[in-house]
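The file protein-v2.csv comes next; it holds CSV, C-alpha atoms.
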```csv
chain,number,residue,atom,x,y,z
Y,1,MET,CA,-13.9,-19.8,7.9
Y,2,LYS,CA,-15.4,-21.3,4.8
Y,3,GLU,CA,-16.4,-17.8,3.4
Y,4,ASN,CA,-12.8,-16.8,3.6
Y,5,ARG,CA,-11.6,-19.5,1.1
Y,6,LYS,CA,-12.8,-17.3,-1.8
Y,7,LEU,CA,-10.7,-14.4,-0.6
Y,8,LEU,CA,-7.8,-16.7,0.2
Y,9,LYS,CA,-7.7,-17.9,-3.4
Y,10,GLU,CA,-6.7,-14.4,-4.4
Y,11,VAL,CA,-3.9,-14.4,-1.9
Y,12,LEU,CA,-2.7,-18.0,-2.2
Y,13,LYS,CA,-2.8,-19.6,-5.6
Y,14,ASP,CA,-2.1,-23.2,-4.4
Y,15,ILE,CA,-5.2,-23.8,-2.3
Y,16,ARG,CA,-6.9,-27.0,-3.2
Y,17,ARG,CA,-10.6,-27.6,-2.6
Y,18,ASP,CA,-10.0,-30.7,-0.6
Y,19,MET,CA,-7.8,-28.9,2.0
Y,20,THR,CA,-9.1,-28.7,5.6
Y,21,ASP,CA,-9.3,-25.3,7.3
Y,22,GLU,CA,-6.1,-26.2,9.3
Y,23,GLU,CA,-4.2,-27.0,6.1
Y,24,VAL,CA,-5.3,-23.7,4.6
Y,25,LEU,CA,-4.3,-21.8,7.7
Y,26,ALA,CA,-0.9,-23.6,7.7
Y,27,LEU,CA,-0.4,-22.8,4.1
Y,28,LEU,CA,-1.4,-19.2,4.8
Y,29,ALA,CA,0.9,-18.9,7.8
Y,30,ASP,CA,3.9,-20.3,5.8
Y,31,SER,CA,3.3,-18.0,2.8
Y,32,ARG,CA,4.5,-14.5,2.3
Y,33,VAL,CA,1.9,-12.2,0.8
Y,34,SER,CA,3.6,-8.8,1.2
Y,35,VAL,CA,5.8,-7.4,-1.4
Y,36,ASN,CA,8.5,-4.8,-0.9
Y,37,PRO,CA,7.8,-1.9,-3.4
Y,38,SER,CA,11.4,-0.9,-3.4
Y,39,GLU,CA,12.3,-4.3,-5.0
Y,40,GLU,CA,10.3,-3.3,-8.1
Y,41,LYS,CA,12.4,-0.2,-9.0
Y,42,GLY,CA,14.7,-2.1,-11.4
Y,43,LYS,CA,11.7,-2.8,-13.7
Y,44,ASP,CA,11.3,0.8,-14.9
Y,45,THR,CA,12.1,1.7,-18.5
Y,46,LEU,CA,14.4,4.6,-19.4
Y,47,GLY,CA,11.4,6.7,-20.4
Y,48,GLN,CA,9.6,6.0,-17.1
Y,49,ARG,CA,12.7,6.9,-15.1
Y,50,ALA,CA,13.2,10.1,-17.2
Y,51,ALA,CA,9.6,11.1,-16.7
Y,52,ASP,CA,9.9,10.6,-12.9
Y,53,ALA,CA,13.2,12.6,-12.8
Y,54,ILE,CA,11.7,15.5,-14.9
Y,55,ALA,CA,8.5,15.6,-12.8
Y,56,ARG,CA,10.6,15.5,-9.6
Y,57,PHE,CA,12.7,18.4,-10.8
Y,58,ALA,CA,9.8,20.4,-12.3
Y,59,GLY,CA,8.0,20.2,-9.0
Y,60,SER,CA,10.8,21.6,-6.9
Y,61,TRP,CA,11.8,25.0,-5.7
Y,62,ALA,CA,15.1,24.7,-7.6
Y,63,PHE,CA,13.1,24.6,-10.8
Y,64,ILE,CA,10.9,27.5,-9.9
Y,65,PHE,CA,13.9,29.7,-8.9
Y,66,SER,CA,16.0,28.7,-11.9
Y,67,PHE,CA,13.2,29.1,-14.4
Y,68,THR,CA,12.2,32.5,-12.9
Y,69,GLY,CA,15.9,33.5,-13.0
Y,70,GLY,CA,16.1,32.5,-16.7
Y,71,LEU,CA,12.9,34.4,-17.6
Y,72,VAL,CA,14.1,37.6,-15.8
Y,73,LEU,CA,17.6,37.2,-17.5
Y,74,TRP,CA,16.0,36.8,-20.9
Y,75,MET,CA,13.8,39.9,-20.4
Y,76,VAL,CA,16.6,42.0,-19.0
Y,77,VAL,CA,19.1,41.1,-21.8
Y,78,ASN,CA,16.5,41.9,-24.5
Y,79,ALA,CA,15.4,45.1,-22.8
Y,80,VAL,CA,19.1,46.3,-22.5
Y,81,LEU,CA,19.9,45.4,-26.1
Y,82,ALA,CA,16.9,47.3,-27.2
Y,83,SER,CA,17.2,47.6,-31.1
Y,84,ARG,CA,19.7,44.8,-31.4
Y,85,ALA,CA,17.7,42.4,-29.2
Y,86,PHE,CA,17.1,38.8,-30.5
Y,87,ASP,CA,13.6,38.9,-28.9
Y,88,PRO,CA,12.5,42.5,-28.5
Y,89,TYR,CA,9.5,43.5,-26.3
Y,90,PRO,CA,6.8,42.0,-26.2
Y,91,PHE,CA,9.0,38.9,-26.1
Y,92,ILE,CA,7.2,36.8,-28.7
Y,93,LEU,CA,10.0,34.2,-28.9
Y,94,LEU,CA,9.9,33.9,-25.1
Y,95,ASN,CA,6.2,33.2,-25.3
Y,96,LEU,CA,6.9,30.5,-27.9
Y,97,VAL,CA,9.6,28.9,-25.6
Y,98,LEU,CA,7.2,29.0,-22.6
Y,99,SER,CA,4.5,27.3,-24.6
Y,100,CYS,CA,6.9,24.6,-25.8
Y,101,VAL,CA,8.1,24.0,-22.3
Y,102,ALA,CA,4.5,23.7,-21.1
Y,103,ALA,CA,3.5,21.4,-24.0
Y,104,ILE,CA,6.4,19.0,-23.2
Y,105,GLN,CA,6.3,19.3,-19.4
Y,106,ALA,CA,2.6,18.6,-19.0
Y,107,PRO,CA,2.5,15.1,-20.5
Y,108,LEU,CA,5.7,14.1,-18.6
Y,109,ILE,CA,4.1,15.2,-15.3
Y,110,MET,CA,0.9,13.3,-16.2
Y,111,MET,CA,3.0,10.1,-17.1
Y,112,SER,CA,4.7,10.4,-13.7
Y,113,GLN,CA,1.4,10.9,-11.9
Y,114,ASN,CA,0.0,7.8,-13.7
Y,115,ARG,CA,3.0,5.8,-12.6
Y,116,GLN,CA,2.5,7.1,-9.0
Y,117,GLU,CA,-1.1,6.1,-9.1
Y,118,GLU,CA,-0.1,2.6,-10.3
Y,119,LYS,CA,2.4,2.4,-7.4
Y,120,ASP,CA,-0.3,3.5,-5.0
Y,121,ARG,CA,-2.7,0.9,-6.3
Y,122,ARG,CA,-0.1,-1.9,-6.0
Y,123,ARG,CA,0.7,-0.7,-2.4
Y,124,ALA,CA,-3.0,-0.7,-1.6
Y,125,GLU,CA,-3.4,-4.3,-3.0
Y,126,ASN,CA,-0.4,-5.3,-0.9
Y,127,ASP,CA,-1.9,-3.8,2.2
Y,128,TYR,CA,-5.2,-5.5,1.5
Y,129,LYS,CA,-3.5,-8.9,1.2
Y,130,VAL,CA,-1.5,-8.4,4.4
Y,131,ASN,CA,-4.6,-7.2,6.3
Y,132,LEU,CA,-6.6,-10.2,5.0
Y,133,LYS,CA,-4.0,-12.7,6.1
Y,134,THR,CA,-3.7,-11.0,9.5
Y,135,GLU,CA,-7.5,-11.0,9.9
Y,136,ILE,CA,-7.8,-14.7,9.0
Y,137,MET,CA,-4.9,-15.6,11.3
Y,138,ILE,CA,-6.4,-13.6,14.2
Y,139,GLU,CA,-9.9,-15.1,13.6
Y,140,ASP,CA,-8.3,-18.6,13.8
Y,141,LEU,CA,-6.5,-17.7,17.0
Y,142,TYR,CA,-9.7,-16.3,18.4
Y,143,ASP,CA,-11.5,-19.6,17.6
Y,144,LYS,CA,-8.7,-21.6,19.1
Y,145,VAL,CA,-8.7,-19.5,22.3
Y,146,ASN,CA,-12.5,-19.9,22.6
Y,147,ALA,CA,-12.2,-23.7,22.1
Y,148,ILE,CA,-9.6,-23.8,24.9
Y,149,LEU,CA,-11.7,-21.7,27.2
Y,150,ALA,CA,-14.8,-23.9,26.5
Y,151,ARG,CA,-12.7,-27.1,27.2
Y,152,GLN,CA,-11.3,-25.5,30.3
Y,153,THR,CA,-14.8,-24.7,31.6
Y,154,ALA,CA,-16.0,-28.3,30.9
Y,155,LEU,CA,-12.9,-29.7,32.7
Y,156,GLU,CA,-13.6,-27.4,35.7
Y,157,LYS,CA,-17.3,-28.6,35.8
Y,158,GLN,CA,-16.0,-32.2,35.7
Y,159,LEU,CA,-13.6,-31.6,38.5
Y,160,LEU,CA,-16.2,-29.9,40.6
Y,161,ALA,CA,-18.6,-32.8,40.0
Y,162,GLN,CA,-16.0,-35.4,41.1
Y,163,CYS,CA,-15.0,-33.6,44.3
Y,164,PRO,CA,-17.7,-33.9,47.0
Y,165,GLU,CA,-15.9,-31.6,49.4
Y,166,ASN,CA,-16.0,-28.8,46.8
Y,167,ASN,CA,-19.8,-29.3,46.4
Y,168,GLU,CA,-20.2,-29.1,50.2
Y,169,ALA,CA,-18.1,-25.9,50.4
Y,170,LYS,CA,-20.0,-24.4,47.5
Y,171,ALA,CA,-23.3,-25.2,49.1
Y,172,LYS,CA,-22.2,-23.5,52.4
Y,173,ASN,CA,-21.3,-20.3,50.5
Y,174,GLU,CA,-24.5,-20.1,48.6
Y,175,PRO,CA,-27.4,-18.2,50.2
Y,176,ALA,CA,-30.4,-20.4,51.1
```
Would you kindly transcribe this structure into structure tokens?
Amino acid sequence: MKENRKLLKEVLKDIRRDMTDEEVLALLADSRVSVNPSEEKGKDTLGQRAADAIARFAGSWAFIFSFTGGLVLWMVVNAVLASRAFDPYPFILLNLVLSCVAAIQAPLIMMSQNRQEEKDRRRAENDYKVNLKTEIMIEDLYDKVNAILARQTALEKQLLAQCPENNEAKAKNEPA
């Protein structure tokens, strides 16, 4: 139990050195260590929400189909217009547009991935705290059950020692 105090300090900020194990466990049982990740959504900035929305759309089938449709439309219109095309074959302007889209889209997706990694890290820390609290509480319950069983065994021995008829019955059942 003593070795868990160091870990508990990370979970519970108000543990004092002079507290008994029972006081620490009571404080631990009464505290809430888990955090709901959905409660933290309001803290995002406009840029973070925009990066998430763009990354969510850019990673969807709707984006792939609409972007492919736009590319095909661009090429068909410029092929049909031939000499009057605003971007004749080999579509140099289209290449520039695609490069600009990739240059803008890549950092936005990376920002969104970094934010997701941070969310995953916070979720893992939360899981660790909950698991630690659960482990400590179960360890305490295990110790208490063992103490109860030891006391029960001692009481049974005392009762058997005080009852002479139980000793005689026990002696009759034992092989000689």
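Interatomic distance, CA of Met75 (chain Y) to CA of Ala53 (chain Y): 28.3 Å.
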query: Nearest to Leu27 (chain Y) among Y:Val72, Y:Met137, Y:Ile104, Y:Ile109, with distances taken over all atoms listed in the file: which residue is it?
result: Y:Met137
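A straight line drawn from CA of Phe86 (chain Y) to CA of Ala106 (chain Y) is 27.4 Å long.
The space between CA of Tyr128 (chain Y) and CA of Ala29 (chain Y) spans 16.0 Å.
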task: Quick one: residues within 12 Å of (-10.4, -20.7, 13.3) (file frame), counting only C-alpha atoms, please, as a list in words.
output: Met1, Lys2, Glu3, Asn4, Thr20, Asp21, Glu22, Glu23, Val24, Leu25, Ala26, Glu135, Ile136, Met137, Ile138, Glu139, Asp140, Leu141, Tyr142, Asp143, Lys144, Val145, Asn146 and Ala147 of chain Y
What are the nearest atom pairs, with distances in Å to one decimal, for all residues of region 42-77 of chain Y that come at most 7 Å from region 110-115 of chain Y, using only C-alpha atoms, set out by chain and rising residue number as JSON lines?
```
{"residue": "Y:Ala51", "atom": "CA", "partner": "Y:Ser112", "partner_atom": "CA", "distance": 5.8}
{"residue": "Y:Asp52", "atom": "CA", "partner": "Y:Ser112", "partner_atom": "CA", "distance": 5.3}
{"residue": "Y:Ala55", "atom": "CA", "partner": "Y:Ser112", "partner_atom": "CA", "distance": 6.5}
```
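Between Asn95 (chain Y) and the candidates Y:Ala124, Y:Leu71, Y:Leu155, Y:Leu132, the tightest atom-to-atom separation, counting all atoms listed in the file, involves Y:Leu71.
When all atoms listed in the file are used to compute distances to Asn126 (chain Y), the closest of the residues Y:Ser99, Y:Ser60, Y:Asn36, Y:Gln152 turns out to be Y:Asn36.
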